[in-house]
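Before any comments, here is the structure.
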Amino acid sequence: MDIKSISSSLSVCPQITAQDVQKIADLGFRSIVCNRPDGEGADQPVFDEIEAAAKKLGLETRYLPVISGKVSDEDADAFGKAMNEIPRPVLAYCRTGTRCATLWSLSQAETMTVADILAATKSAGYDMAGVVRRIANGGRTPTDRADASYDVVIVGGGAAGIAVAASLKSRKSDLDIAVIDPADIHYYQPGWTMVGGGVFKAPRPPKPWAL
């Protein structure tokens, strides 16, 4: 098992077997949540096997199957409700753990900042950037935004895109501007251009007035 901790109350992992349940109990988990539908994989044990093994050891279980790539807000609500009802800490599993991390991220949208959600899932090895964009878009995925409308759309959120957006805003503050970029973080380092051109050396950044 490759168990990854997302919070003090939740860890996630790929598919488990009935034989893994004893170790899960020994690790201190009090509940198991399955987010993988039965029959998704040919070699996958059915949830009833996991549940039977868990009951023998006094662990709570929940079966909340979600089709891969089709996590709905209702699924996230059900996951959040289960997390509030069952004993913690909880171990949630699916095929890879990604669905579990996605459900947790969406369920925390009203109580955590997107930065904290990203940090928690990243530390567990899951990239929730797309999920965070969905949260920021009010629960809509990019393909749901057919009704979206902006005065200006800037493709590229690097130094040029940000500068253009800032310039437009300074001239007309009521402009509704969208900046599209796959990166979640932009590092603005104008000195790197000078380093690449041979003007400065990377180990010794230029003095402010040299720019």
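Convention: chains lettered A, B, ... in structure tokens order; per-chain residue numbering from 1; ligands numbered from 1 as shown.
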Selection: 12 Å around Gly161 in chain A, only C-alpha atoms, excl. self and same-chain fewer than 5 positions, as an mmCIF file with C-alpha atoms, in the first residue's frame:
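After the write, around05.cif holds the following:
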```cif
data_model
loop_
_atom_site.group_PDB
_atom_site.id
_atom_site.type_symbol
_atom_site.label_atom_id
_atom_site.label_comp_id
_atom_site.auth_asym_id
_atom_site.auth_seq_id
_atom_site.Cartn_x
_atom_site.Cartn_y
_atom_site.Cartn_z
ATOM 1 C CA VAL A 152 -10.613 41.229 -23.003
ATOM 2 C CA VAL A 153 -9.038 37.756 -23.005
ATOM 3 C CA ILE A 154 -5.245 37.559 -22.722
ATOM 4 C CA VAL A 155 -3.648 34.242 -23.656
ATOM 5 C CA GLY A 156 -0.477 33.808 -21.636
ATOM 6 C CA ALA A 166 -2.165 45.850 -15.732
ATOM 7 C CA SER A 167 -1.781 48.483 -18.446
ATOM 8 C CA LEU A 168 -5.336 48.012 -19.671
ATOM 9 C CA ILE A 177 -10.190 40.845 -18.179
ATOM 10 C CA ALA A 178 -9.453 37.105 -18.268
ATOM 11 C CA VAL A 179 -5.874 35.808 -18.334
ATOM 12 C CA ILE A 180 -5.448 32.224 -19.554
ATOM 13 C CA ASP A 181 -2.321 30.307 -18.608
ATOM 14 C CA HIS A 186 4.307 33.066 -12.199
ATOM 15 C CA TYR A 188 8.702 37.467 -12.417
#
```
So which residues touch Gln22 in chain A within 12 Å, counting only C-alpha atoms, skipping near sequence neighbours fewer than 2 positions away, as a PDB file with N, CA and C atoms, in the first residue's frame?
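Written out: selection.pdb:
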```pdb
ATOM      1  N   ILE A  16      -6.960  -1.177  -2.453  1.00  0.00           N
ATOM      2  CA  ILE A  16      -6.512  -2.067  -1.391  1.00  0.00           C
ATOM      3  C   ILE A  16      -7.192  -3.426  -1.558  1.00  0.00           C
ATOM      4  N   THR A  17      -6.731  -4.404  -0.783  1.00  0.00           N
ATOM      5  CA  THR A  17      -7.338  -5.729  -0.762  1.00  0.00           C
ATOM      6  C   THR A  17      -7.815  -6.030   0.650  1.00  0.00           C
ATOM      7  N   ALA A  18      -8.566  -7.095   0.789  1.00  0.00           N
ATOM      8  CA  ALA A  18      -9.054  -7.489   2.115  1.00  0.00           C
ATOM      9  C   ALA A  18      -7.889  -7.822   3.038  1.00  0.00           C
ATOM     10  N   GLN A  19      -6.797  -8.305   2.456  1.00  0.00           N
ATOM     11  CA  GLN A  19      -5.620  -8.648   3.258  1.00  0.00           C
ATOM     12  C   GLN A  19      -4.923  -7.411   3.822  1.00  0.00           C
ATOM     13  N   ASP A  20      -5.163  -6.256   3.205  1.00  0.00           N
ATOM     14  CA  ASP A  20      -4.535  -5.010   3.667  1.00  0.00           C
ATOM     15  C   ASP A  20      -5.238  -4.414   4.881  1.00  0.00           C
ATOM     16  N   ILE A  24      -4.091  -1.707   7.868  1.00  0.00           N
ATOM     17  CA  ILE A  24      -4.760  -0.404   7.959  1.00  0.00           C
ATOM     18  C   ILE A  24      -5.224  -0.147   9.391  1.00  0.00           C
ATOM     19  N   ALA A  25      -5.791  -1.163  10.002  1.00  0.00           N
ATOM     20  CA  ALA A  25      -6.223  -1.039  11.401  1.00  0.00           C
ATOM     21  C   ALA A  25      -5.020  -0.837  12.325  1.00  0.00           C
ATOM     22  N   ASP A  26      -3.943  -1.571  12.069  1.00  0.00           N
ATOM     23  CA  ASP A  26      -2.736  -1.457  12.901  1.00  0.00           C
ATOM     24  C   ASP A  26      -2.128  -0.059  12.812  1.00  0.00           C
ATOM     25  N   LEU A  27      -2.324   0.604  11.667  1.00  0.00           N
ATOM     26  CA  LEU A  27      -1.793   1.963  11.483  1.00  0.00           C
ATOM     27  C   LEU A  27      -2.643   3.017  12.195  1.00  0.00           C
ATOM     28  N   GLY A  28      -3.764   2.591  12.753  1.00  0.00           N
ATOM     29  CA  GLY A  28      -4.591   3.506  13.530  1.00  0.00           C
ATOM     30  C   GLY A  28      -5.792   4.080  12.816  1.00  0.00           C
ATOM     31  N   PHE A  29      -6.045   3.669  11.595  1.00  0.00           N
ATOM     32  CA  PHE A  29      -7.224   4.165  10.889  1.00  0.00           C
ATOM     33  C   PHE A  29      -8.481   3.560  11.493  1.00  0.00           C
ATOM     34  N   ARG A  30      -9.541   4.365  11.543  1.00  0.00           N
ATOM     35  CA  ARG A  30     -10.792   3.915  12.153  1.00  0.00           C
ATOM     36  C   ARG A  30     -11.916   3.738  11.138  1.00  0.00           C
ATOM     37  N   ILE A  32     -12.786   3.323   6.602  1.00  0.00           N
ATOM     38  CA  ILE A  32     -12.320   3.149   5.225  1.00  0.00           C
ATOM     39  C   ILE A  32     -13.423   3.608   4.277  1.00  0.00           C
ATOM     40  N   ILE A  50     -13.873  -5.962   1.190  1.00  0.00           N
ATOM     41  CA  ILE A  50     -13.195  -4.988   2.058  1.00  0.00           C
ATOM     42  C   ILE A  50     -14.055  -4.719   3.293  1.00  0.00           C
ATOM     43  N   ALA A  52     -16.335  -6.602   4.738  1.00  0.00           N
ATOM     44  CA  ALA A  52     -16.390  -7.748   5.647  1.00  0.00           C
ATOM     45  C   ALA A  52     -15.138  -7.813   6.515  1.00  0.00           C
ATOM     46  N   ALA A  53     -13.985  -7.591   5.894  1.00  0.00           N
ATOM     47  CA  ALA A  53     -12.728  -7.615   6.648  1.00  0.00           C
ATOM     48  C   ALA A  53     -12.671  -6.465   7.647  1.00  0.00           C
ATOM     49  N   ALA A  54     -13.186  -5.307   7.238  1.00  0.00           N
ATOM     50  CA  ALA A  54     -13.168  -4.136   8.121  1.00  0.00           C
ATOM     51  C   ALA A  54     -14.082  -4.331   9.321  1.00  0.00           C
ATOM     52  N   LYS A  55     -15.242  -4.904   9.102  1.00  0.00           N
ATOM     53  CA  LYS A  55     -16.192  -5.115  10.201  1.00  0.00           C
ATOM     54  C   LYS A  55     -15.624  -6.034  11.268  1.00  0.00           C
ATOM     55  N   LYS A  56     -14.863  -7.037  10.858  1.00  0.00           N
ATOM     56  CA  LYS A  56     -14.250  -7.962  11.816  1.00  0.00           C
ATOM     57  C   LYS A  56     -13.282  -7.252  12.752  1.00  0.00           C
ATOM     58  N   LEU A  57     -12.729  -6.151  12.258  1.00  0.00           N
ATOM     59  CA  LEU A  57     -11.747  -5.396  13.038  1.00  0.00           C
ATOM     60  C   LEU A  57     -12.352  -4.140  13.662  1.00  0.00           C
ATOM     61  N   GLY A  58     -13.659  -3.975  13.528  1.00  0.00           N
ATOM     62  CA  GLY A  58     -14.339  -2.829  14.141  1.00  0.00           C
ATOM     63  C   GLY A  58     -14.160  -1.520  13.404  1.00  0.00           C
ATOM     64  N   LEU A  59     -13.828  -1.574  12.109  1.00  0.00           N
ATOM     65  CA  LEU A  59     -13.665  -0.346  11.327  1.00  0.00           C
ATOM     66  C   LEU A  59     -14.959   0.020  10.615  1.00  0.00           C
TER      67      LEU A  59
END
```
Give the helix (DSSP H, G or I) residues of chain A, as assigned by DSSP on the backbone, as number ranges by chain. A: 18-26, 47-56, 73-85, 98-107, 114-123, 129-136, 142-147, 159-171, 191-196, 208-210
List every residue of chain A that DSSP, applied to the backbone of this structure, places in strand (DSSP E or B), and write the result as an mmCIF file with N, CA and C atoms, in the first residue's frame.
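Final output, out.cif:
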```
data_model
loop_
_atom_site.group_PDB
_atom_site.id
_atom_site.type_symbol
_atom_site.label_atom_id
_atom_site.label_comp_id
_atom_site.auth_asym_id
_atom_site.auth_seq_id
_atom_site.Cartn_x
_atom_site.Cartn_y
_atom_site.Cartn_z
ATOM 1 N N LYS A 4 -0.867 7.970 1.455
ATOM 2 C CA LYS A 4 -0.425 9.360 1.485
ATOM 3 C C LYS A 4 -1.354 10.178 2.381
ATOM 4 N N SER A 5 -0.780 10.930 3.293
ATOM 5 C CA SER A 5 -1.567 11.751 4.207
ATOM 6 C C SER A 5 -1.877 13.106 3.583
ATOM 7 N N LEU A 10 -7.476 12.555 7.178
ATOM 8 C CA LEU A 10 -7.651 11.788 5.941
ATOM 9 C C LEU A 10 -6.328 11.441 5.281
ATOM 10 N N SER A 11 -6.233 10.170 4.875
ATOM 11 C CA SER A 11 -5.153 9.702 4.014
ATOM 12 C C SER A 11 -5.802 8.986 2.838
ATOM 13 N N VAL A 12 -5.086 8.934 1.723
ATOM 14 C CA VAL A 12 -5.625 8.282 0.528
ATOM 15 C C VAL A 12 -4.592 7.300 -0.018
ATOM 16 N N CYS A 13 -5.082 6.355 -0.825
ATOM 17 C CA CYS A 13 -4.168 5.386 -1.418
ATOM 18 C C CYS A 13 -4.820 4.705 -2.612
ATOM 19 N N SER A 31 -11.703 4.247 9.925
ATOM 20 C CA SER A 31 -12.720 4.127 8.880
ATOM 21 C C SER A 31 -12.054 3.982 7.518
ATOM 22 N N ILE A 32 -12.786 3.323 6.602
ATOM 23 C CA ILE A 32 -12.320 3.149 5.225
ATOM 24 C C ILE A 32 -13.423 3.608 4.277
ATOM 25 N N VAL A 33 -13.052 4.441 3.301
ATOM 26 C CA VAL A 33 -14.000 4.920 2.293
ATOM 27 C C VAL A 33 -13.546 4.431 0.929
ATOM 28 N N CYS A 34 -14.448 3.819 0.185
ATOM 29 C CA CYS A 34 -14.156 3.353 -1.169
ATOM 30 C C CYS A 34 -14.783 4.300 -2.177
ATOM 31 N N GLU A 60 -15.251 1.306 10.543
ATOM 32 C CA GLU A 60 -16.404 1.796 9.790
ATOM 33 C C GLU A 60 -16.054 1.821 8.302
ATOM 34 N N THR A 61 -17.042 1.679 7.455
ATOM 35 C CA THR A 61 -16.816 1.747 6.009
ATOM 36 C C THR A 61 -17.902 2.572 5.324
ATOM 37 N N ARG A 62 -17.551 3.139 4.183
ATOM 38 C CA ARG A 62 -18.509 3.824 3.326
ATOM 39 C C ARG A 62 -18.178 3.494 1.874
ATOM 40 N N TYR A 63 -19.207 3.226 1.083
ATOM 41 C CA TYR A 63 -19.039 2.958 -0.341
ATOM 42 C C TYR A 63 -19.601 4.140 -1.106
ATOM 43 N N VAL A 90 -9.386 8.647 8.625
ATOM 44 C CA VAL A 90 -10.039 7.890 7.559
ATOM 45 C C VAL A 90 -9.028 7.578 6.460
ATOM 46 N N LEU A 91 -9.138 6.371 5.893
ATOM 47 C CA LEU A 91 -8.364 6.026 4.706
ATOM 48 C C LEU A 91 -9.338 5.873 3.548
ATOM 49 N N ALA A 92 -9.157 6.685 2.504
ATOM 50 C CA ALA A 92 -9.999 6.593 1.309
ATOM 51 C C ALA A 92 -9.164 6.026 0.177
ATOM 52 N N TYR A 93 -9.787 5.201 -0.650
ATOM 53 C CA TYR A 93 -9.050 4.613 -1.766
ATOM 54 C C TYR A 93 -9.889 4.578 -3.039
ATOM 55 N N VAL A 152 -11.920 41.538 -22.427
ATOM 56 C CA VAL A 152 -10.613 41.229 -23.003
ATOM 57 C C VAL A 152 -10.156 39.866 -22.492
ATOM 58 N N VAL A 153 -9.637 39.041 -23.386
ATOM 59 C CA VAL A 153 -9.038 37.756 -23.005
ATOM 60 C C VAL A 153 -7.579 37.777 -23.418
ATOM 61 N N ILE A 154 -6.685 37.568 -22.458
ATOM 62 C CA ILE A 154 -5.245 37.559 -22.722
ATOM 63 C C ILE A 154 -4.750 36.124 -22.598
ATOM 64 N N VAL A 155 -4.173 35.604 -23.662
ATOM 65 C CA VAL A 155 -3.648 34.242 -23.656
ATOM 66 C C VAL A 155 -2.173 34.293 -23.290
ATOM 67 N N ILE A 177 -11.303 41.483 -17.471
ATOM 68 C CA ILE A 177 -10.190 40.845 -18.179
ATOM 69 C C ILE A 177 -9.976 39.416 -17.676
ATOM 70 N N ALA A 178 -9.800 38.485 -18.607
ATOM 71 C CA ALA A 178 -9.453 37.105 -18.268
ATOM 72 C C ALA A 178 -8.049 36.825 -18.789
ATOM 73 N N VAL A 179 -7.216 36.220 -17.934
ATOM 74 C CA VAL A 179 -5.874 35.808 -18.334
ATOM 75 C C VAL A 179 -5.832 34.283 -18.316
ATOM 76 N N ILE A 180 -5.486 33.682 -19.439
ATOM 77 C CA ILE A 180 -5.448 32.224 -19.554
ATOM 78 C C ILE A 180 -4.003 31.744 -19.571
ATOM 79 N N LYS A 201 25.838 37.683 -14.478
ATOM 80 C CA LYS A 201 26.110 36.300 -14.130
ATOM 81 C C LYS A 201 25.112 35.862 -13.056
ATOM 82 N N ARG A 204 25.729 36.231 -9.225
ATOM 83 C CA ARG A 204 25.832 37.584 -8.690
ATOM 84 C C ARG A 204 24.801 38.471 -9.368
#
```
Give me the residues near Ala109 in chain A as number ranges by chain, where near means some atom within 12 Å (using only C-alpha atoms) and where sequence neighbours in that chain fewer than 5 positions away do not count. A: 73, 76-77, 80, 102-104, 114-118, 131-139
Please dump the current selection as a PDB file, in the first residue's frame; keep C-alpha atoms.
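Writing done, so here's part-v9.pdb:
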```
ATOM      1  CA  ASP A  73     -20.515  18.446  -6.718  1.00  0.00           C
ATOM      2  CA  ALA A  76     -18.079  15.920  -3.133  1.00  0.00           C
ATOM      3  CA  ASP A  77     -20.967  16.779  -0.802  1.00  0.00           C
ATOM      4  CA  GLY A  80     -17.739  15.683   2.992  1.00  0.00           C
ATOM      5  CA  THR A 102     -10.324  15.372  -5.769  1.00  0.00           C
ATOM      6  CA  LEU A 103     -13.376  14.697  -3.614  1.00  0.00           C
ATOM      7  CA  TRP A 104     -11.592  15.981  -0.528  1.00  0.00           C
ATOM      8  CA  VAL A 114      -7.239  27.202  -2.672  1.00  0.00           C
ATOM      9  CA  ALA A 115      -3.580  27.693  -1.744  1.00  0.00           C
ATOM     10  CA  ASP A 116      -3.978  25.468   1.327  1.00  0.00           C
ATOM     11  CA  ILE A 117      -5.852  22.831  -0.690  1.00  0.00           C
ATOM     12  CA  LEU A 118      -3.107  22.823  -3.308  1.00  0.00           C
ATOM     13  CA  VAL A 131      -9.725  21.084  -9.371  1.00  0.00           C
ATOM     14  CA  VAL A 132      -8.682  24.396  -7.830  1.00  0.00           C
ATOM     15  CA  ARG A 133      -9.516  26.169 -11.092  1.00  0.00           C
ATOM     16  CA  ARG A 134     -12.918  24.509 -10.931  1.00  0.00           C
ATOM     17  CA  ILE A 135     -13.383  25.814  -7.383  1.00  0.00           C
ATOM     18  CA  ALA A 136     -12.314  29.306  -8.448  1.00  0.00           C
ATOM     19  CA  ASN A 137     -14.809  29.141 -11.310  1.00  0.00           C
ATOM     20  CA  GLY A 138     -17.673  28.570  -8.903  1.00  0.00           C
ATOM     21  CA  GLY A 139     -17.750  24.815  -9.424  1.00  0.00           C
TER      22      GLY A 139
END
```
Provide the CA of Ala78 in chain A to CA of Asn35 in chain A distance in Å, to one decimal place. 10.9 Å
With a distance cut-off of 9 Å and only C-alpha atoms, select the neighbouring residues of Gln44 in chain A, excluding the residue or stretch itself and same-chain residues fewer than 2 positions from it, and output the selection as a list in words.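 Answer for this query is Gln15, Ile16, Thr17, Asp38, Gly39, Glu40, Gly41, Ala42, Val46 and Arg95 of chain A.
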Which residue out of A:Pro37, A:Gly97, A:Gly196, A:Pro89 has the minimum interatomic distance to Leu64 in chain A when only C-alpha atoms are used?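 Closest candidate: A:Pro37.
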Rank nothing, just name the residue among A:Met194, A:Ala82, A:Cys94, A:Val21 nearest to Arg36 in chain A, using only C-alpha atoms. A:Cys94
For Lys169 in chain A, which of A:Asp151, A:Arg88, A:Val66, A:Tyr126 is the closest residue, counting only C-alpha atoms?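 Ranked by minimum distance to Lys169 in chain A, first place goes to A:Asp151.
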